[in-house]
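**Student:** Contents of entry29.txt (compact mmCIF, C-alpha atoms) are given next:
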```txt
# COMPACT_ATOMS: atom_id res chain seq x y z
CA MET N 252 105.59 -100.68 235.27
CA ARG N 253 105.37 -103.94 237.19
CA ILE N 254 104.82 -107.15 235.26
CA PHE N 255 103.84 -110.40 236.93
CA LYS N 256 104.83 -113.67 235.23
CA LEU N 257 101.98 -116.13 235.37
CA LEU N 258 103.79 -118.77 233.33
CA THR N 259 107.50 -119.54 233.60
CA CYS N 260 109.74 -118.94 230.58
CA ILE N 261 111.04 -122.23 229.25
CA SER N 262 114.52 -120.87 228.70
CA LEU N 263 116.76 -118.56 230.71
CA LEU N 264 119.27 -117.99 227.91
CA LEU N 265 120.52 -114.51 227.08
CA VAL N 266 117.95 -114.28 224.29
CA ALA N 267 114.96 -116.56 224.80
CA PRO N 268 111.45 -116.67 223.36
CA CYS N 269 108.82 -116.53 226.09
CA LEU N 270 105.09 -117.07 226.29
CA GLU N 271 103.63 -115.30 229.30
CA ALA N 272 100.31 -114.03 230.45
CA LEU N 273 100.98 -110.48 231.59
CA VAL N 274 99.40 -108.35 234.26
CA HIS N 275 99.97 -104.60 234.34
CA VAL N 276 99.68 -102.80 237.68
CA VAL N 277 98.26 -99.31 237.17
CA ARG N 278 100.54 -96.54 238.41
CA LYS N 279 100.17 -92.78 238.74
CA GLY N 280 99.78 -91.14 235.35
CA ASP N 281 98.57 -94.28 233.57
CA ASN N 282 95.45 -94.40 231.43
CA LEU N 283 94.13 -97.15 229.18
CA THR N 284 95.51 -95.44 226.09
CA THR N 285 99.10 -95.25 227.35
CA ILE N 286 98.91 -98.79 228.78
CA ALA N 287 97.60 -100.14 225.46
CA GLN N 288 100.42 -98.37 223.61
CA SER N 289 103.01 -99.88 225.94
CA TYR N 290 101.96 -103.40 224.97
CA LYS N 291 100.90 -102.63 221.37
CA VAL N 292 97.30 -103.69 221.91
CA SER N 293 94.05 -101.78 221.46
CA VAL N 294 92.12 -100.02 224.21
CA ALA N 295 89.10 -102.10 223.19
CA SER N 296 90.95 -105.37 223.83
CA LEU N 297 92.13 -104.15 227.26
CA LYS N 298 88.58 -103.16 228.17
CA LYS N 299 87.22 -106.52 227.05
CA ALA N 300 89.91 -108.54 228.85
CA ASN N 301 89.25 -106.69 232.12
CA ASN N 302 85.48 -106.12 231.81
CA ILE N 303 85.95 -102.34 231.92
CA LYS N 304 82.90 -100.31 230.93
CA ASP N 305 84.40 -96.80 231.15
CA ALA N 306 87.95 -96.35 229.83
CA ASP N 307 88.42 -93.30 232.05
CA VAL N 308 87.77 -95.20 235.29
CA ILE N 309 90.83 -97.11 236.42
CA ARG N 310 92.65 -96.77 239.74
CA ILE N 311 96.26 -96.79 240.92
CA GLY N 312 97.23 -100.31 241.98
CA GLN N 313 94.57 -101.99 239.84
CA LYS N 314 95.81 -105.14 238.09
CA LEU N 315 94.96 -105.33 234.40
CA GLN N 316 95.23 -108.51 232.35
CA VAL N 317 97.00 -107.80 229.05
CA PRO N 318 95.38 -109.72 226.18
CA ASP N 319 97.26 -112.69 224.71
CA ALA N 320 98.01 -110.83 221.47
CA ALA N 321 100.77 -108.98 223.30
CA THR N 322 102.36 -111.88 225.18
CA VAL N 323 104.66 -113.52 222.65
CA PHE N 324 108.03 -111.80 222.77
CA THR N 325 111.76 -112.34 223.09
CA SER N 326 113.62 -111.55 226.30
CA TYR N 327 116.90 -109.67 225.86
CA LYS N 328 119.43 -108.97 228.62
CA ILE N 329 121.25 -105.66 228.12
CA LYS N 330 125.03 -105.94 227.96
CA ARG N 331 127.92 -103.47 227.94
CA GLY N 332 127.91 -101.24 224.86
CA ASP N 333 124.18 -101.65 224.19
CA SER N 334 121.87 -98.71 223.65
CA LEU N 335 118.14 -98.85 223.18
CA SER N 336 118.50 -97.54 219.64
CA SER N 337 121.10 -100.19 218.73
CA ILE N 338 118.91 -102.97 220.18
CA ALA N 339 115.87 -101.64 218.31
CA SER N 340 117.81 -101.41 215.05
CA LYS N 341 119.14 -104.95 215.46
CA HIS N 342 115.57 -106.27 215.74
CA GLY N 343 114.09 -104.15 212.96
CA LEU N 344 112.18 -101.84 215.31
CA LYS N 345 112.02 -98.14 216.04
CA THR N 346 113.46 -96.93 219.36
CA LYS N 347 110.07 -95.35 220.11
CA GLU N 348 108.32 -98.72 219.64
CA LEU N 349 110.77 -100.55 221.88
CA SER N 350 110.51 -97.86 224.58
CA ALA N 351 106.71 -97.98 224.55
CA TYR N 352 106.62 -101.78 224.61
CA ASN N 353 108.76 -101.80 227.77
CA GLY N 354 107.34 -98.70 229.45
CA ILE N 355 110.71 -96.94 229.22
CA ARG N 356 110.25 -93.19 229.49
CA ASN N 357 113.91 -92.23 229.00
CA ALA N 358 115.72 -94.24 226.32
CA ASN N 359 119.07 -93.18 227.78
CA LYS N 360 118.34 -94.73 231.17
CA ILE N 361 118.91 -98.45 230.70
CA ARG N 362 121.42 -100.54 232.64
CA ILE N 363 123.65 -103.54 232.07
CA GLY N 364 121.85 -106.72 233.14
CA GLN N 365 118.39 -105.22 232.66
CA THR N 366 116.01 -107.52 230.79
CA ILE N 367 113.71 -106.00 228.20
CA ARG N 368 111.07 -107.51 225.91
CA ILE N 369 111.49 -107.57 222.13
CA PRO N 370 108.15 -107.80 220.29
CA PRO N 371 107.88 -109.78 217.05
CA LYS N 372 107.68 -107.34 214.14
CA SER N 373 104.62 -108.97 212.63
CA GLY N 374 102.96 -109.21 216.03
CA VAL N 375 103.39 -105.49 216.66
CA ALA N 376 101.74 -104.55 213.39
CA ALA N 377 98.92 -107.06 213.80
CA SER N 378 98.01 -106.04 217.35
CA LYS N 379 98.50 -102.33 216.66
CA TYR N 380 95.73 -102.33 214.07
CA ALA N 381 93.58 -105.05 215.63
CA ASN N 382 90.79 -102.55 216.23
CA LEU N 383 90.83 -101.20 212.66
CA PRO N 384 88.08 -102.93 210.62
CA ALA N 385 89.57 -105.17 207.95
CA ASN N 386 87.63 -103.50 205.13
CA VAL N 387 88.81 -100.04 206.22
CA LYS N 388 92.43 -101.15 206.49
CA ALA N 389 92.25 -102.84 203.10
CA ALA N 390 90.88 -99.64 201.55
CA LEU N 391 93.54 -97.51 203.23
CA ASP N 392 96.36 -99.83 202.20
CA LYS N 393 95.46 -99.30 198.53
CA ILE N 394 96.03 -95.54 198.73
CA SER N 395 99.44 -94.31 197.62
CA ILE N 396 100.78 -91.81 200.16
CA LYS N 397 103.79 -89.59 199.62
CA ARG N 398 105.61 -89.68 202.95
CA GLY N 399 106.35 -86.17 204.14
CA GLN N 400 103.46 -84.55 202.27
CA TRP N 401 101.29 -84.34 205.39
CA LYS N 402 102.58 -82.41 208.41
CA ASN N 403 99.59 -82.28 210.80
CA ILE N 404 96.56 -84.28 211.88
CA VAL N 405 93.73 -82.03 213.07
CA ILE N 406 90.65 -83.23 214.98
CA HIS N 407 87.21 -81.62 214.56
CA HIS N 408 83.64 -82.24 215.63
CA SER N 409 80.59 -81.88 213.39
CA ALA N 410 78.85 -79.70 216.02
CA THR N 411 75.68 -81.69 215.27
CA THR N 412 74.19 -84.26 217.61
CA ALA N 413 72.95 -86.46 214.77
CA ASP N 414 74.51 -86.60 211.31
CA ARG N 415 76.33 -88.85 208.87
CA ALA N 416 79.32 -88.46 206.58
CA ILE N 417 77.48 -88.84 203.29
CA ASN N 418 75.05 -86.06 204.27
CA MET N 419 77.97 -83.82 205.19
CA ALA N 420 79.64 -84.58 201.85
CA ARG N 421 76.48 -83.61 199.98
CA PHE N 422 76.09 -80.41 202.00
CA HIS N 423 79.71 -79.36 201.45
CA LYS N 424 79.44 -79.92 197.71
CA GLU N 425 75.95 -78.64 197.00
CA GLU N 426 75.43 -75.97 199.66
CA ARG N 427 78.95 -74.75 200.34
CA HIS N 428 80.01 -75.30 196.72
CA MET N 429 83.25 -77.07 197.64
CA GLU N 430 84.60 -78.57 194.41
CA ASN N 431 86.11 -81.59 196.14
CA GLY N 432 83.10 -82.24 198.37
CA LEU N 433 83.54 -83.29 202.00
CA ALA N 434 85.96 -80.88 203.69
CA TYR N 435 87.51 -83.61 205.86
CA HIS N 436 89.65 -86.58 204.92
CA PHE N 437 87.92 -88.85 207.45
CA VAL N 438 84.69 -88.88 209.45
CA ILE N 439 84.03 -91.12 212.45
CA GLU N 440 80.30 -91.82 212.80
CA ASN N 441 78.42 -91.86 216.12
CA GLY N 442 75.61 -94.30 215.33
CA THR N 443 72.95 -91.76 214.34
CA ARG N 444 71.05 -91.36 211.06
CA GLY N 445 71.37 -95.06 210.25
CA THR N 446 75.15 -95.31 210.81
CA SER N 447 77.09 -97.61 213.12
CA ASN N 448 78.89 -96.07 216.08
CA GLY N 449 82.62 -95.84 215.38
CA ASP N 450 82.42 -96.44 211.64
CA ILE N 451 85.29 -94.75 209.79
CA TYR N 452 84.28 -92.99 206.57
CA VAL N 453 87.20 -92.48 204.19
CA GLY N 454 86.57 -89.34 202.15
CA ASP N 455 87.50 -88.72 198.52
CA ARG N 456 90.08 -86.17 199.59
CA TRP N 457 92.08 -88.92 201.26
CA LYS N 458 91.48 -91.47 198.53
CA LYS N 459 92.77 -88.98 195.94
CA GLN N 460 95.34 -87.39 198.28
CA LEU N 461 93.82 -83.92 197.88
CA HIS N 462 94.19 -80.94 200.22
CA GLY N 463 91.58 -80.47 202.92
CA GLY N 464 88.88 -77.83 203.27
CA HIS N 465 88.59 -77.99 207.04
CA MET N 466 91.02 -75.27 208.14
CA LYS N 467 90.75 -71.47 208.03
CA LEU N 468 94.10 -70.97 206.32
CA TRP N 469 94.79 -72.32 202.84
CA ALA N 470 98.38 -73.13 203.82
CA HIS N 471 97.15 -75.38 206.63
CA ASN N 472 94.69 -77.16 204.34
CA GLN N 473 97.59 -78.10 202.10
CA ILE N 474 99.38 -80.09 204.80
CA ALA N 475 96.78 -80.99 207.48
CA ILE N 476 94.80 -84.24 207.56
CA GLY N 477 91.29 -83.53 208.81
CA ILE N 478 89.40 -86.03 210.98
CA CYS N 479 85.87 -85.13 212.06
CA LEU N 480 83.94 -86.95 214.78
CA ILE N 481 80.15 -86.72 214.50
CA GLY N 482 78.75 -85.04 217.60
CA ASN N 483 78.49 -81.74 219.42
CA PHE N 484 81.21 -81.86 222.05
CA GLU N 485 80.23 -78.51 223.48
CA LYS N 486 77.30 -80.47 224.93
CA SER N 487 78.64 -83.97 225.58
CA ARG N 488 81.72 -86.20 225.24
CA PRO N 489 82.48 -88.26 222.15
CA LYS N 490 81.32 -91.85 222.35
CA GLU N 491 83.94 -94.31 223.56
CA LYS N 492 83.82 -96.32 220.33
CA GLN N 493 84.58 -93.14 218.37
CA LEU N 494 87.65 -92.49 220.52
CA GLU N 495 88.86 -96.06 220.15
CA GLN N 496 88.59 -95.83 216.37
CA LEU N 497 90.23 -92.39 216.40
CA GLU N 498 93.17 -93.87 218.28
CA VAL N 499 93.81 -96.68 215.81
CA LEU N 500 93.27 -94.38 212.81
CA ILE N 501 95.81 -91.89 214.17
CA SER N 502 98.28 -94.72 214.76
CA TYR N 503 97.86 -95.94 211.18
CA LEU N 504 98.22 -92.45 209.73
CA GLN N 505 101.31 -91.71 211.81
CA ASP N 506 103.00 -94.84 210.52
CA LYS N 507 102.06 -94.15 206.90
CA THR N 508 102.70 -90.39 206.78
CA GLY N 509 105.38 -89.79 209.42
CA VAL N 510 103.38 -87.05 211.15
CA PRO N 511 105.02 -86.60 214.58
CA ALA N 512 103.08 -86.74 217.84
CA LYS N 513 103.60 -83.03 218.49
CA ASN N 514 101.70 -82.21 215.28
CA ILE N 515 98.53 -84.09 216.21
CA THR N 516 96.17 -81.44 217.47
CA THR N 517 92.66 -79.98 217.43
CA HIS N 518 91.05 -77.23 215.38
CA SER N 519 90.83 -74.88 218.37
CA LEU N 520 94.47 -75.42 219.32
CA MET N 521 95.45 -74.47 215.78
CA HIS N 522 93.10 -71.44 215.72
CA PRO N 523 92.18 -70.56 219.34
CA LYS N 524 90.56 -67.23 218.44
CA HIS N 525 88.67 -68.63 215.47
CA THR N 526 86.78 -71.66 216.79
CA LEU N 527 85.80 -73.79 219.81
CA CYS N 528 85.95 -76.97 217.71
CA PRO N 529 86.06 -79.80 218.76
CA GLY N 530 84.32 -78.53 221.89
CA LYS N 531 85.03 -78.32 225.62
CA TYR N 532 84.08 -81.95 226.27
CA PHE N 533 86.51 -83.39 223.74
CA PRO N 534 89.28 -85.15 225.78
CA THR N 535 92.33 -83.31 224.43
CA SER N 536 94.64 -84.84 227.05
CA ARG N 537 93.62 -88.30 225.85
CA LEU N 538 94.35 -87.25 222.26
CA LYS N 539 97.90 -86.32 223.29
CA ALA N 540 98.28 -89.73 224.95
CA MET N 541 97.10 -91.44 221.75
CA ALA N 542 99.81 -89.71 219.76
CA GLN N 543 102.79 -90.56 221.98
```
I'd like the structure from this file rewritten - as structure tokens, please.
**Tutor:**
Amino acid sequence: MRIFKLLTCISLLLVAPCLEALVHVVRKGDNLTTIAQSYKVSVASLKKANNIKDADVIRIGQKLQVPDAATVFTSYKIKRGDSLSSIASKHGLKTKELSAYNGIRNANKIRIGQTIRIPPKSGVAASKYANLPANVKAALDKISIKRGQWKNIVIHHSATTADRAINMARFHKEERHMENGLAYHFVIENGTRGTSNGDIYVGDRWKKQLHGGHMKLWAHNQIAIGICLIGNFEKSRPKEKQLEQLEVLISYLQDKTGVPAKNITTHSLMHPKHTLCPGKYFPTSRLKAMAQ
């Protein structure tokens, strides 16, 4: 990762607060999701700052302006005896967060004299959820979650081109006779049937911390959070706004539940012989990048 300083740091002390406008130069393997994670900003803010219409179309060597929300940080020069985990702990961060913020792929490969950026704790949280609507975050924050209860996050599609969460909830309760209604914990709307594209519907199963009804096996329903995106992804890709909201929702749920990145998956990956859900056009590789 190459970072260009557009404003000079006022201080060159060992630990100095800096205010810089940052530019990220796209390298092989980068995508907007991984770049956004590195700086703790949303994909939406990166797209807006760089006038990008399609999140999948960036090129190696392209210079991307990182939004101002990510630019206030503290510079720290690594000294003998330091480790990334000890530096992270000292600043109240997780090693994973510090690695991502600095684009460090191997936490064991740091060197004496190397300068890294320490994000402000409040700034990380604020920018991380900047794309999560305030009303949704407020509703989610009220829900008491037992950390460790949930082990997986599983992504589905509705397999319908046009639909809405409240209709699905009615169908599951009245037609499929599911006692707890909507089988999923969350639904992300696609702007059809009077909904707004990207709206996050928080189901009663999540509000009441009940098991899901979205998996074939009862044991999986007990521990798997179900997120359904409206759309038939055997026919077309999810809408970009849906993916952006999926990313920030996954990030929130990971922080609250402790579900590891390796356990964020799709219905078909969990049951390859049982279903095609969420469809061949769902960007599974991008999902894995979201969960890093």
**Student:** Restricting the calculation to only C-alpha atoms, which member of N:Leu480, N:Ala385, N:Ile451, N:Ile396 is positioned closest to Asp414 of chain N?
**Tutor:**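 Among N:Leu480, N:Ala385, N:Ile451, N:Ile396, it is N:Leu480 that comes nearest to Asp414 of chain N.
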**Student:** Could you list as an MDAnalysis selection string every residue that has an atom within 12 Å of (118.0, -103.0, 220.3), using the file's coordinates and counting all atoms listed in the file?
**Tutor:** chainID N and resid 266 325:330 332:350 353 358 361 366:370
**Student:** Interatomic distance between atom CA of Lys490 of chain N and atom CA of Asn282 of chain N?
**Tutor:**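 Separation between atom CA of Lys490 of chain N and atom CA of Asn282 of chain N: 17.0 Å.
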**Student:** Write out as JSON, numbers by chain each polymer residue whose atoms come within 12 Å of segment 423-430 of chain N, counting only C-alpha atoms; drop sequence neighbours fewer than 2 positions from it.
**Tutor:** {"N": [416, 417, 418, 419, 420, 421, 432, 433, 434, 435, 455, 456, 461, 462, 463, 464, 465]}
**Student:** For the selection just defined, write its residues with C-alpha atoms to a file, as a PDB file, keeping the file's coordinate frame.
**Tutor:**
```pdb
ATOM      1  CA  ALA N 416      79.320 -88.460 206.580  1.00  0.00           C
ATOM      2  CA  ILE N 417      77.480 -88.840 203.290  1.00  0.00           C
ATOM      3  CA  ASN N 418      75.050 -86.060 204.270  1.00  0.00           C
ATOM      4  CA  MET N 419      77.970 -83.820 205.190  1.00  0.00           C
ATOM      5  CA  ALA N 420      79.640 -84.580 201.850  1.00  0.00           C
ATOM      6  CA  ARG N 421      76.480 -83.610 199.980  1.00  0.00           C
ATOM      7  CA  GLY N 432      83.100 -82.240 198.370  1.00  0.00           C
ATOM      8  CA  LEU N 433      83.540 -83.290 202.000  1.00  0.00           C
ATOM      9  CA  ALA N 434      85.960 -80.880 203.690  1.00  0.00           C
ATOM     10  CA  TYR N 435      87.510 -83.610 205.860  1.00  0.00           C
ATOM     11  CA  ASP N 455      87.500 -88.720 198.520  1.00  0.00           C
ATOM     12  CA  ARG N 456      90.080 -86.170 199.590  1.00  0.00           C
ATOM     13  CA  LEU N 461      93.820 -83.920 197.880  1.00  0.00           C
ATOM     14  CA  HIS N 462      94.190 -80.940 200.220  1.00  0.00           C
ATOM     15  CA  GLY N 463      91.580 -80.470 202.920  1.00  0.00           C
ATOM     16  CA  GLY N 464      88.880 -77.830 203.270  1.00  0.00           C
ATOM     17  CA  HIS N 465      88.590 -77.990 207.040  1.00  0.00           C
TER      18      HIS N 465
END
```
**Student:** Could you tell me how far atom CA of Lys393 of chain N sits from atom CA of Ala295 of chain N, in Å to one decimal place?
**Tutor:** 25.6 Å
**Student:** Near segment 307-310 of chain N, counting only C-alpha atoms, which residues have an atom at most 9 Å away, once you skip same-chain residues fewer than 5 positions from it, shown as a count of residues only?
**Tutor:** 6
**Student:** Hey, can you check how far atom CA of Ser409 of chain N sits from atom CA of Trp469 of chain N?
**Tutor:**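 Pair atom CA of Ser409 of chain N / atom CA of Trp469 of chain N returns 20.1 Å.
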**Student:** Closest to Gly509 of chain N among N:Ile404, N:Val274, N:Leu315, N:Ile363, using all atoms listed in the file?
**Tutor:**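 Once distances to Gly509 of chain N are computed over all atoms listed in the file, the minimum belongs to N:Ile404.
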**Student:** Looking at only C-alpha atoms, which of N:Lys298, N:Arg444, N:His436, N:Lys513 is the one that sits closest to Ala540 of chain N?
**Tutor:** N:Lys513
**Student:** Name the closest residue to Glu485 of chain N among the candidates N:Asn403, N:Asn386, N:Thr411, N:Asn302; distances are taken between atoms, counting all atoms listed in the file.
**Tutor:**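 Comparing N:Asn403, N:Asn386, N:Thr411, N:Asn302 against Glu485 of chain N, the winner is N:Thr411.
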**Student:** Do a neighbour search on Ala410 of chain N at 6 Å with only C-alpha atoms, toss out local chain neighbours closer than 2 positions, and write the hits as a PyMOL selection string.
**Tutor:** chain N and resi 408+482-483
**Student:** I need the residue nearest Asp305 of chain N from this list: N:Asn514, N:Lys360, N:Lys531, N:Leu494. Use only C-alpha atoms for the distance.
**Tutor:**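 Once distances to Asp305 of chain N are computed over only C-alpha atoms, the minimum belongs to N:Leu494.
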**Student:** Please, what is the axis-aligned box for every listed atom of segment 468-471 of chain N with 4 Å on each side, as centre and edge lengths in Å to one decimal, as AutoDock Vina command-line options?
**Tutor:**
```
--center_x 96.2 --center_y -73.2 --center_z 204.7 --size_x 12.3 --size_y 12.4 --size_z 11.8
```
**Student:** Counting only C-alpha atoms, figure out which residue out of N:Ile501, N:Ile474, N:Ala306, N:Leu468 gets nearest to Ile406 of chain N.
**Tutor:**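 Checking each candidate against Ile406 of chain N, we get N:Ile501 as the closest.
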